[in-house]
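Q: Below is the structure I would like to discuss, written out as structure tokens.
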Amino acid sequence: MIDAQTLSGPIDIAAIRNVRRWSPGACVWCGDDNAVEMFRNEPRCGTCREKETVIDEARRFLGMYGLRPLGGTLQSDDDEEREHRVNARDARRDLNDTKLSELPDPAAVRKALRPRAASVVSEPRSSAHAGTSSATAASRPSASRTSATPPVAPVRTDAVDVAALESRVTGLLDQLSTIDAQMNLIGEPAGLAARARISDLEKQRATVLRTLAALEKARIAAGQ
């Protein structure tokens, strides 16, 4: 999940590691809480996301032209390739310089994310109840003036099965936990069957993430 490789050579960051600990809402790699957003299904700060993006861009460039994968050497066929390799090396070094001495348990991270997932449905529910209350209050004077006509029931904006939606979000998080556990169990794929299984699990995880992203967009739209 976290795309930083350990580099050989001494790194004097003991003083930093002694004081930095992960806490819910912080970056799972360095423990920073600045500009934290979801990145590859885990909270990452803006600096770490930037470094990971540099490495991803280098990999895409090398893969597009069929060049040697990233590694310990900077040997390149041209200046552009070397630039990508140097940038990726520097990004890896920066990531390892800020790495927590003990990365958080993925299960603890997912557990911390559950309240946020619950807000996908809790906020629209609150706003819907507020709208219903306002509509009811506005209809009362009309009902008192025309007692012969039964009052029109306010339209329920929370008619969506909120419980089912909340259960779906929780189920998606549980599904991510299962997928991650299976990928960790396989580890580094050594054969065709293992690589095929990893590819299938990655596709499943991407689908789950897209669904969660759609729910988050719906929550934002409902709050506006």
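Residues in the structure tokens are named by chain (A, B, ... in the order shown) and by number from 1 within that chain; ligands are numbered from 1 in the order shown.
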Using only C-alpha atoms, determine which residues lie at most 9 Å from A:Thr73, disregarding the query and same-chain residues fewer than 3 positions distant; provide the list as a VMD selection string.
A: chain A and resid 70 76 85
Q: Quick one: everything within 7 Å of A:Val54, counting only C-alpha atoms, minus sequence neighbours fewer than 5 positions away in the same chain. Send it as a PyMOL selection string.
A: chain A and resi 87-88+91
Q: Rounded to one decimal place, report the atom CA of A:Ser199-atom CA of A:Val169 distance in Å.
A: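 Atom CA of A:Ser199 sits 23.6 Å away from atom CA of A:Val169.
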Q: Using only C-alpha atoms, which residue out of A:Asp105, A:Glu42, A:Glu52, A:Asp33 lies closest to A:Leu209?
A: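 Distance minimum relative to A:Leu209 lands on A:Glu42.
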Q: Please compute the atom CA of A:Val36-atom CA of A:Leu185 distance, one decimal, in Å.
A: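 So the two atoms, atom CA of A:Val36 and atom CA of A:Leu185, lie 28.3 Å apart.
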Q: DSSP on the backbone: what in stretch 8-86 of chain A comes out strand (DSSP E), as a list in words?
A: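 For stretch 8-86 of chain A, the strand (DSSP E) set is Glu37, Met38, Pro43 and Arg44 of chain A.
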Q: Could those residues be written to a file, using N, CA, C and O atoms, as a compact mmCIF listing (two decimals), in the first residue's frame?
A:
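Okay, result-v1.txt is ready:
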```txt
# COMPACT_ATOMS: atom_id res chain seq x y z
N GLU A 37 -5.11 13.74 3.20
CA GLU A 37 -6.19 13.27 2.34
C GLU A 37 -5.98 11.78 2.07
O GLU A 37 -4.89 11.26 2.28
N MET A 38 -7.04 11.14 1.56
CA MET A 38 -6.93 9.72 1.24
C MET A 38 -6.05 9.53 0.01
O MET A 38 -6.21 10.22 -0.99
N PRO A 43 -4.76 7.50 4.82
CA PRO A 43 -4.51 8.93 4.98
C PRO A 43 -3.04 9.27 4.79
O PRO A 43 -2.18 8.68 5.47
N ARG A 44 -2.74 10.20 3.91
CA ARG A 44 -1.37 10.63 3.67
C ARG A 44 -1.34 12.15 3.61
O ARG A 44 -2.25 12.80 3.08
```
Q: Using only C-alpha atoms, determine which residues lie at most 8 Å from A:Lys99, disregarding the query and same-chain residues fewer than 2 positions distant; provide the list as number ranges by chain.
A: A: 17, 29-30, 95-97, 101, 103
Q: Could you state the separation of atom CA of A:Arg20 and atom CA of A:Thr47 in Å, given to one decimal place?
A: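 Here the two named atoms are 15.9 Å from each other.
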Q: If you count only C-alpha atoms, which residues fall within 10 Å of A:His84, apart from same-chain ones fewer than 2 positions away, as JSON, numbers by chain?
A: {"A": [54, 55, 56, 57, 58, 59, 60, 61, 62, 70, 74, 76, 79, 80, 81, 82, 86, 87, 88, 89, 90]}
